[in-house]
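File shown: upload.json. Contents: JSON, C-alpha atoms and all ligand atoms.
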```
[["chain", "number", "residue", "atom", "x", "y", "z"],
["A", 269, "MET", "CA", 18.21, -3.02, -9.83],
["A", 270, "ILE", "CA", 15.09, -3.06, -7.71],
["A", 271, "LEU", "CA", 15.63, -1.50, -4.31],
["A", 272, "PRO", "CA", 13.52, -2.08, -1.20],
["A", 273, "ILE", "CA", 11.09, 0.74, -0.50],
["A", 274, "ILE", "CA", 11.34, 2.17, 2.99],
["A", 275, "ALA", "CA", 8.09, 1.91, 4.92],
["A", 276, "TYR", "CA", 6.32, 4.43, 7.10],
["A", 277, "GLY", "CA", 7.99, 4.88, 10.48],
["A", 278, "ASP", "CA", 11.59, 5.03, 9.29],
["A", 279, "PRO", "CA", 13.30, 8.28, 10.34],
["A", 280, "VAL", "CA", 14.79, 8.72, 6.84],
["A", 281, "LEU", "CA", 11.29, 9.66, 5.64],
["A", 282, "ARG", "CA", 11.26, 12.50, 8.17],
["A", 283, "LYS", "CA", 14.54, 14.18, 7.26],
["A", 284, "GLU", "CA", 14.82, 17.35, 5.30],
["A", 285, "ALA", "CA", 16.88, 15.98, 2.43],
["A", 286, "GLU", "CA", 20.21, 17.49, 1.33],
["A", 287, "GLU", "CA", 21.11, 18.92, -2.06],
["A", 288, "ILE", "CA", 23.51, 16.94, -4.20],
["A", 289, "THR", "CA", 26.30, 17.93, -6.57],
["A", 290, "LYS", "CA", 27.06, 16.80, -10.08],
["A", 291, "ASP", "CA", 29.68, 14.36, -8.83],
["A", 292, "TYR", "CA", 27.28, 12.42, -6.63],
["A", 293, "PRO", "CA", 28.49, 8.82, -6.97],
["A", 294, "GLN", "CA", 26.76, 6.74, -9.68],
["A", 295, "LEU", "CA", 23.91, 9.19, -10.07],
["A", 296, "ASN", "CA", 22.75, 7.83, -13.44],
["A", 297, "GLU", "CA", 22.61, 4.33, -12.09],
["A", 298, "LEU", "CA", 20.72, 5.53, -9.02],
["A", 299, "ILE", "CA", 18.13, 7.30, -11.19],
["A", 300, "GLU", "CA", 17.75, 4.19, -13.33],
["A", 301, "ASN", "CA", 17.27, 2.05, -10.22],
["A", 302, "MET", "CA", 14.69, 4.46, -8.86],
["A", 303, "PHE", "CA", 12.61, 4.26, -12.04],
["A", 304, "GLU", "CA", 12.91, 0.47, -12.06],
["A", 305, "THR", "CA", 11.89, 0.27, -8.39],
["A", 306, "MET", "CA", 8.96, 2.61, -8.97],
["A", 307, "TYR", "CA", 7.68, 0.66, -12.00],
["A", 308, "GLU", "CA", 7.96, -2.65, -10.18],
["A", 309, "ALA", "CA", 5.70, -1.22, -7.46],
["A", 310, "ARG", "CA", 3.41, 0.41, -10.08],
["A", 311, "GLY", "CA", 4.09, 3.88, -8.70],
["A", 312, "ILE", "CA", 3.92, 7.21, -10.50],
["A", 313, "GLY", "CA", 6.56, 8.93, -8.39],
["A", 314, "LEU", "CA", 9.42, 7.96, -6.09],
["A", 315, "ALA", "CA", 11.66, 10.11, -3.91],
["A", 316, "ALA", "CA", 15.19, 9.18, -2.81],
["A", 317, "PRO", "CA", 14.31, 9.08, 0.92],
["A", 318, "GLN", "CA", 11.93, 6.23, 0.04],
["A", 319, "ILE", "CA", 14.92, 4.12, -0.89],
["A", 320, "GLY", "CA", 16.84, 5.28, 2.16],
["A", 321, "LEU", "CA", 18.78, 8.23, 0.74],
["A", 322, "PRO", "CA", 18.11, 11.63, 2.33],
["A", 323, "ILE", "CA", 18.95, 13.58, -0.84],
["A", 324, "ARG", "CA", 16.91, 16.02, -2.90],
["A", 325, "LEU", "CA", 16.10, 13.75, -5.81],
["A", 326, "PHE", "CA", 12.81, 12.37, -7.08],
["A", 327, "VAL", "CA", 11.46, 10.82, -10.25],
["A", 328, "VAL", "CA", 7.98, 11.10, -11.74],
["A", 329, "ASP", "CA", 6.22, 9.19, -14.50],
["A", 330, "ALA", "CA", 2.67, 10.41, -15.03],
["A", 331, "THR", "CA", 2.11, 8.47, -18.25],
["A", 332, "PRO", "CA", -0.40, 6.01, -16.69],
["A", 333, "PHE", "CA", -2.79, 9.00, -16.52],
["A", 334, "GLY", "CA", -2.60, 9.35, -20.31],
["A", 335, "ASP", "CA", -5.94, 7.59, -20.72],
["A", 336, "ASP", "CA", -7.63, 8.97, -17.60],
["A", 337, "GLU", "CA", -11.10, 10.01, -18.67],
["A", 338, "ASP", "CA", -11.37, 12.54, -15.85],
["A", 339, "LEU", "CA", -8.71, 14.60, -17.62],
["A", 340, "SER", "CA", -9.26, 16.91, -20.56],
["A", 341, "GLU", "CA", -7.90, 15.75, -23.89],
["A", 342, "GLU", "CA", -5.20, 18.40, -23.68],
["A", 343, "GLU", "CA", -4.13, 17.23, -20.22],
["A", 344, "GLN", "CA", -4.17, 13.57, -21.31],
["A", 345, "LYS", "CA", -1.82, 14.48, -24.13],
["A", 346, "PHE", "CA", 0.52, 16.31, -21.77],
["A", 347, "VAL", "CA", 0.68, 13.58, -19.13],
["A", 348, "SER", "CA", 1.03, 10.79, -21.68],
["A", 349, "THR", "CA", 4.69, 11.77, -22.20],
["A", 350, "PHE", "CA", 5.46, 13.16, -18.76],
["A", 351, "LYS", "CA", 8.49, 11.43, -17.31],
["A", 352, "LYS", "CA", 11.04, 13.51, -15.42],
["A", 353, "VAL", "CA", 13.89, 13.58, -12.95],
["A", 354, "PHE", "CA", 14.00, 16.39, -10.38],
["A", 355, "VAL", "CA", 17.28, 17.21, -8.66],
["A", 356, "ASN", "CA", 17.61, 19.85, -5.91],
["A", 357, "ALA", "CA", 14.06, 21.01, -6.59],
["A", 358, "LYS", "CA", 12.60, 24.07, -4.97],
["A", 359, "ILE", "CA", 8.91, 24.93, -5.28],
["A", 360, "LEU", "CA", 8.87, 28.71, -5.68],
["A", 361, "GLU", "CA", 5.15, 29.28, -5.80],
["A", 362, "GLU", "CA", 1.85, 27.50, -5.26],
["A", 363, "SER", "CA", -1.44, 29.11, -6.22],
["A", 364, "GLY", "CA", -5.14, 28.56, -6.81],
["A", 365, "ASP", "CA", -7.99, 27.10, -4.78],
["A", 366, "GLU", "CA", -7.16, 23.84, -3.04],
["A", 367, "TRP", "CA", -8.63, 20.69, -4.59],
["A", 368, "ALA", "CA", -8.95, 17.17, -3.26],
["A", 369, "PHE", "CA", -7.28, 14.17, -4.83],
["A", 370, "ASN", "CA", -7.14, 10.64, -3.50],
["A", 371, "GLU", "CA", -3.43, 10.07, -2.79],
["A", 372, "GLY", "CA", -1.45, 7.01, -1.92],
["A", 373, "CYS", "CA", 2.24, 6.40, -1.27],
["A", 374, "LEU", "CA", 4.52, 3.43, -1.93],
["A", 375, "SER", "CA", 5.90, 3.84, 1.61],
["A", 376, "ILE", "CA", 2.38, 3.65, 3.06],
["A", 377, "PRO", "CA", 0.75, 0.70, 1.31],
["A", 378, "ASP", "CA", -3.01, 0.18, 1.53],
["A", 379, "VAL", "CA", -3.73, 3.71, 2.73],
["A", 380, "ARG", "CA", -5.45, 6.12, 0.35],
["A", 381, "GLU", "CA", -6.99, 9.39, 1.42],
["A", 382, "ASP", "CA", -8.19, 12.62, -0.12],
["A", 383, "VAL", "CA", -5.56, 15.33, 0.24],
["A", 384, "PHE", "CA", -6.11, 19.02, -0.45],
["A", 385, "ARG", "CA", -3.44, 20.93, -2.36],
["A", 386, "GLN", "CA", -3.26, 24.02, -4.53],
["A", 387, "PRO", "CA", -3.44, 23.26, -8.27],
["A", 388, "ASN", "CA", -0.65, 25.42, -9.70],
["A", 389, "ILE", "CA", 3.07, 25.35, -8.96],
["A", 390, "VAL", "CA", 6.24, 27.01, -10.16],
["A", 391, "ILE", "CA", 9.30, 24.86, -9.55],
["A", 392, "GLU", "CA", 12.99, 25.30, -10.10],
["A", 393, "TYR", "CA", 15.13, 22.18, -10.40],
["A", 394, "LEU", "CA", 18.04, 20.55, -12.15],
["A", 395, "ASP", "CA", 17.36, 17.82, -14.69],
["A", 396, "GLU", "CA", 19.38, 14.59, -14.83],
["A", 397, "ASN", "CA", 22.11, 16.48, -16.74],
["A", 398, "PHE", "CA", 22.24, 19.19, -14.07],
["A", 399, "ARG", "CA", 20.71, 21.76, -16.40],
["A", 400, "LYS", "CA", 18.71, 24.34, -14.51],
["A", 401, "GLN", "CA", 14.97, 24.35, -15.29],
["A", 402, "LYS", "CA", 12.15, 26.59, -14.14],
["A", 403, "GLU", "CA", 8.68, 25.42, -15.07],
["A", 404, "SER", "CA", 5.00, 25.80, -14.18],
["A", 405, "PHE", "CA", 2.75, 22.79, -13.79],
["A", 406, "ASN", "CA", -0.85, 22.28, -12.86],
["A", 407, "GLY", "CA", -3.42, 19.57, -12.25],
["A", 408, "ILE", "CA", -2.37, 15.98, -11.84],
["A", 409, "VAL", "CA", 1.29, 16.59, -12.74],
["A", 410, "ALA", "CA", 1.58, 19.36, -10.15],
["A", 411, "ARG", "CA", -0.11, 17.02, -7.68],
["A", 412, "ILE", "CA", 2.43, 14.23, -8.18],
["A", 413, "ILE", "CA", 5.32, 16.70, -7.95],
["A", 414, "GLN", "CA", 3.93, 18.23, -4.75],
["A", 415, "HIS", "CA", 3.64, 14.76, -3.18],
["A", 416, "GLU", "CA", 7.22, 13.81, -4.13],
["A", 417, "TYR", "CA", 8.53, 17.23, -3.17],
["A", 418, "ASP", "CA", 7.02, 16.77, 0.28],
["A", 419, "HIS", "CA", 9.09, 13.58, 0.61],
["A", 420, "ILE", "CA", 12.36, 15.51, 0.23],
["A", 421, "GLU", "CA", 11.09, 17.93, 2.89],
["A", 422, "GLY", "CA", 10.35, 15.05, 5.28],
["A", 423, "ILE", "CA", 6.57, 15.36, 4.89],
["A", 424, "LEU", "CA", 4.11, 12.53, 4.16],
["A", 425, "PHE", "CA", 0.60, 12.87, 2.73],
["A", 426, "THR", "CA", -0.87, 11.47, 5.93],
["A", 427, "ASP", "CA", 0.46, 14.59, 7.74],
["A", 428, "LYS", "CA", -2.04, 16.64, 5.76],
["A", 429, "LEU", "CA", -5.15, 14.80, 6.94],
["A", 430, "SER", "CA", -7.67, 16.06, 9.48],
["A", 431, "PRO", "CA", -7.09, 15.12, 13.15],
["A", 432, "LEU", "CA", -10.03, 12.69, 12.90],
["A", 433, "LYS", "CA", -8.68, 10.93, 9.81],
["A", 434, "LYS", "CA", -5.23, 10.75, 11.43],
["A", 435, "ARG", "CA", -6.74, 9.07, 14.46],
["A", 436, "LEU", "CA", -8.62, 6.60, 12.28],
["A", 437, "ILE", "CA", -5.51, 5.44, 10.40],
["A", 438, "LYS", "CA", -3.09, 5.52, 13.34],
["A", 439, "GLY", "CA", -3.26, 1.76, 13.96],
["A", 440, "LYS", "CA", -2.85, 1.02, 10.29],
["A", 441, "LEU", "CA", 0.28, 3.17, 10.11],
["A", 442, "GLU", "CA", 1.75, 1.44, 13.17],
["A", 443, "ASN", "CA", 1.10, -1.91, 11.54],
["A", 444, "ILE", "CA", 2.81, -0.79, 8.35],
["A", 445, "SER", "CA", 5.93, 0.22, 10.28],
["A", 446, "LYS", "CA", 5.97, -3.30, 11.77],
["A", 447, "GLY", "CA", 5.52, -4.95, 8.41],
["A", 448, "LYS", "CA", 2.01, -6.11, 9.22],
["A", 449, "VAL", "CA", 0.68, -5.32, 5.78],
["A", 450, "SER", "CA", 0.30, -7.31, 2.64],
["A", 451, "VAL", "CA", 2.33, -5.82, -0.18],
["A", 452, "ASP", "CA", 3.54, -7.30, -3.45],
["A", 453, "TYR", "CA", 6.76, -5.28, -3.86],
["A", 454, "ARG", "CA", 10.00, -5.26, -1.88],
["A", 455, "MET", "CA", 9.87, -3.15, 1.28],
["A", 456, "LYS", "CA", 11.95, -2.49, 4.37],
["A", 457, "PHE", "CA", 9.97, -2.09, 7.58],
["A", 458, "PRO", "CA", 11.64, -0.10, 10.39],
["A", 459, "ASN", "CA", 9.87, -1.84, 13.27],
["A", 460, "ALA", "CA", 9.62, -5.37, 11.93],
["A", 461, "LYS", "CA", 10.57, -8.08, 14.43],
["A", 462, "LYS", "CA", 13.85, -9.69, 13.44],
["A", 463, "LYS", "CA", 13.40, -13.15, 12.01],
["A", 464, "ARG", "CA", 15.25, -15.85, 13.91],
["B", 501, "NI", "NI", 4.91, 8.99, -1.48]]
```
Take the structure from the file and write it as structure tokens.
Amino acid sequence: MILPIIAYGDPVLRKEAEEITKDYPQLNELIENMFETMYEARGIGLAAPQIGLPIRLFVVDATPFGDDEDLSEEEQKFVSTFKKVFVNAKILEESGDEWAFNEGCLSIPDVREDVFRQPNIVIEYLDENFRKQKESFNGIVARIIQHEYDHIEGILFTDKLSPLKKRLIKGKLENISKGKVSVDYRMKFPNAKKKR
């Protein structure tokens, strides 16, 4: 089932999300719906707050980068099968010199900006079967995970921009919250005027 994606301005995107337990109701169905919703919007990651649930859950599918010519052959091979569910994730470590990557977000349509992040992460999480995992990632995969991880901490990529850039996109963000944006997937806008 495709769920509406919550747009910028909704308080659910600003909450520090809560951990879940194995008996969280219909978790498998929820995960399936999140992937379906993400694919419909042509995203590469989606966090539960973006569908209105303040829980520590996000999904990532980096496979569209499998033929990205900016990546090394080795990295292409790795991303071409990278599809994962992260439950109750905790980033334990970030390292390396920050690098810029042009990020976007399904909750913030039509806004793309360079964001600086460190390239290497160590993350502990539960997979969809609640098995504990501890893994290191780098490059584009780490980047996607860091972006989604921020969502469960109530942080958006636009928070990481310079004061000047923030000022420049302020009006655009306000418009998004009001639904004044053209988007070809289902969204829910917090400040949209009610239709009569
Ligand atoms: Ni996002």
Shell of 10 Å around Glu304 in chain A, only C-alpha atoms, local chain residues under 5 positions omitted, as a PyMOL selection string: chain A and resi 269-271+298-299+309-310
Within 9 Å of ligand NI 501 (chain B), counting all atoms listed in the file, residues as an MDAnalysis selection string: chainID A and resid 311 313:315 318 371:376 412 415:416 418:419 424:425
File of the preceding selection, C-alpha atoms, as a CSV table (one decimal), keeping the file's coordinate frame:
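Generated output (out.csv):
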```csv
chain,number,residue,atom,x,y,z
A,311,GLY,CA,4.1,3.9,-8.7
A,313,GLY,CA,6.6,8.9,-8.4
A,314,LEU,CA,9.4,8.0,-6.1
A,315,ALA,CA,11.7,10.1,-3.9
A,318,GLN,CA,11.9,6.2,0.0
A,371,GLU,CA,-3.4,10.1,-2.8
A,372,GLY,CA,-1.4,7.0,-1.9
A,373,CYS,CA,2.2,6.4,-1.3
A,374,LEU,CA,4.5,3.4,-1.9
A,375,SER,CA,5.9,3.8,1.6
A,376,ILE,CA,2.4,3.6,3.1
A,412,ILE,CA,2.4,14.2,-8.2
A,415,HIS,CA,3.6,14.8,-3.2
A,416,GLU,CA,7.2,13.8,-4.1
A,418,ASP,CA,7.0,16.8,0.3
A,419,HIS,CA,9.1,13.6,0.6
A,424,LEU,CA,4.1,12.5,4.2
A,425,PHE,CA,0.6,12.9,2.7
```
A:Asp378, A:Glu337, A:Glu392, A:Glu343 ranked by distance to Lys448 in chain A, top pick (using only C-alpha atoms):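 Among the listed residues, A:Asp378 lies closest to Lys448 in chain A.
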Pick from A:Tyr417, A:Phe346, A:Phe326, A:Phe398 nearest to Ile359 in chain A, counting all atoms listed in the file: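 Answer, going by the shortest atom-to-atom distance: A:Tyr417.
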Contacts of Gln414 in chain A within 12 Å, all atoms listed in the file, excl. fewer than 5 positions in-chain, as a tab-separated table (two decimals) with C-alpha atoms, keeping the file's coordinate frame:
```
chain	number	residue	atom	x	y	z
A	313	GLY	CA	6.56	8.93	-8.39
A	314	LEU	CA	9.42	7.96	-6.09
A	315	ALA	CA	11.66	10.11	-3.91
A	326	PHE	CA	12.81	12.37	-7.08
A	327	VAL	CA	11.46	10.82	-10.25
A	328	VAL	CA	7.98	11.10	-11.74
A	354	PHE	CA	14.00	16.39	-10.38
A	357	ALA	CA	14.06	21.01	-6.59
A	358	LYS	CA	12.60	24.07	-4.97
A	359	ILE	CA	8.91	24.93	-5.28
A	360	LEU	CA	8.87	28.71	-5.68
A	361	GLU	CA	5.15	29.28	-5.80
A	362	GLU	CA	1.85	27.50	-5.26
A	369	PHE	CA	-7.28	14.17	-4.83
A	371	GLU	CA	-3.43	10.07	-2.79
A	383	VAL	CA	-5.56	15.33	0.24
A	384	PHE	CA	-6.11	19.02	-0.45
A	385	ARG	CA	-3.44	20.93	-2.36
A	386	GLN	CA	-3.26	24.02	-4.53
A	387	PRO	CA	-3.44	23.26	-8.27
A	388	ASN	CA	-0.65	25.42	-9.70
A	389	ILE	CA	3.07	25.35	-8.96
A	390	VAL	CA	6.24	27.01	-10.16
A	391	ILE	CA	9.30	24.86	-9.55
A	405	PHE	CA	2.75	22.79	-13.79
A	406	ASN	CA	-0.85	22.28	-12.86
A	407	GLY	CA	-3.42	19.57	-12.25
A	408	ILE	CA	-2.37	15.98	-11.84
A	409	VAL	CA	1.29	16.59	-12.74
A	419	HIS	CA	9.09	13.58	0.61
A	420	ILE	CA	12.36	15.51	0.23
A	421	GLU	CA	11.09	17.93	2.89
A	423	ILE	CA	6.57	15.36	4.89
A	424	LEU	CA	4.11	12.53	4.16
A	425	PHE	CA	0.60	12.87	2.73
```
From A:Glu381, A:Ala410, A:Val451, A:Pro332, residue lying nearest Gly364 in chain A [only C-alpha atoms]: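 When distances to Gly364 in chain A are compared using only C-alpha atoms, the smallest one comes from A:Ala410.
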Straight-line distance linking CA of Thr305 in chain A with CA of Leu429 in chain A, stated in Å to one decimal: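 Computed distance, CA of Thr305 in chain A to CA of Leu429 in chain A, equals 27.1 Å.
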Residue nearest Arg411 in chain A among A:Asp395, A:Asp427, A:Glu300, A:Glu366 (counting only C-alpha atoms): A:Glu366
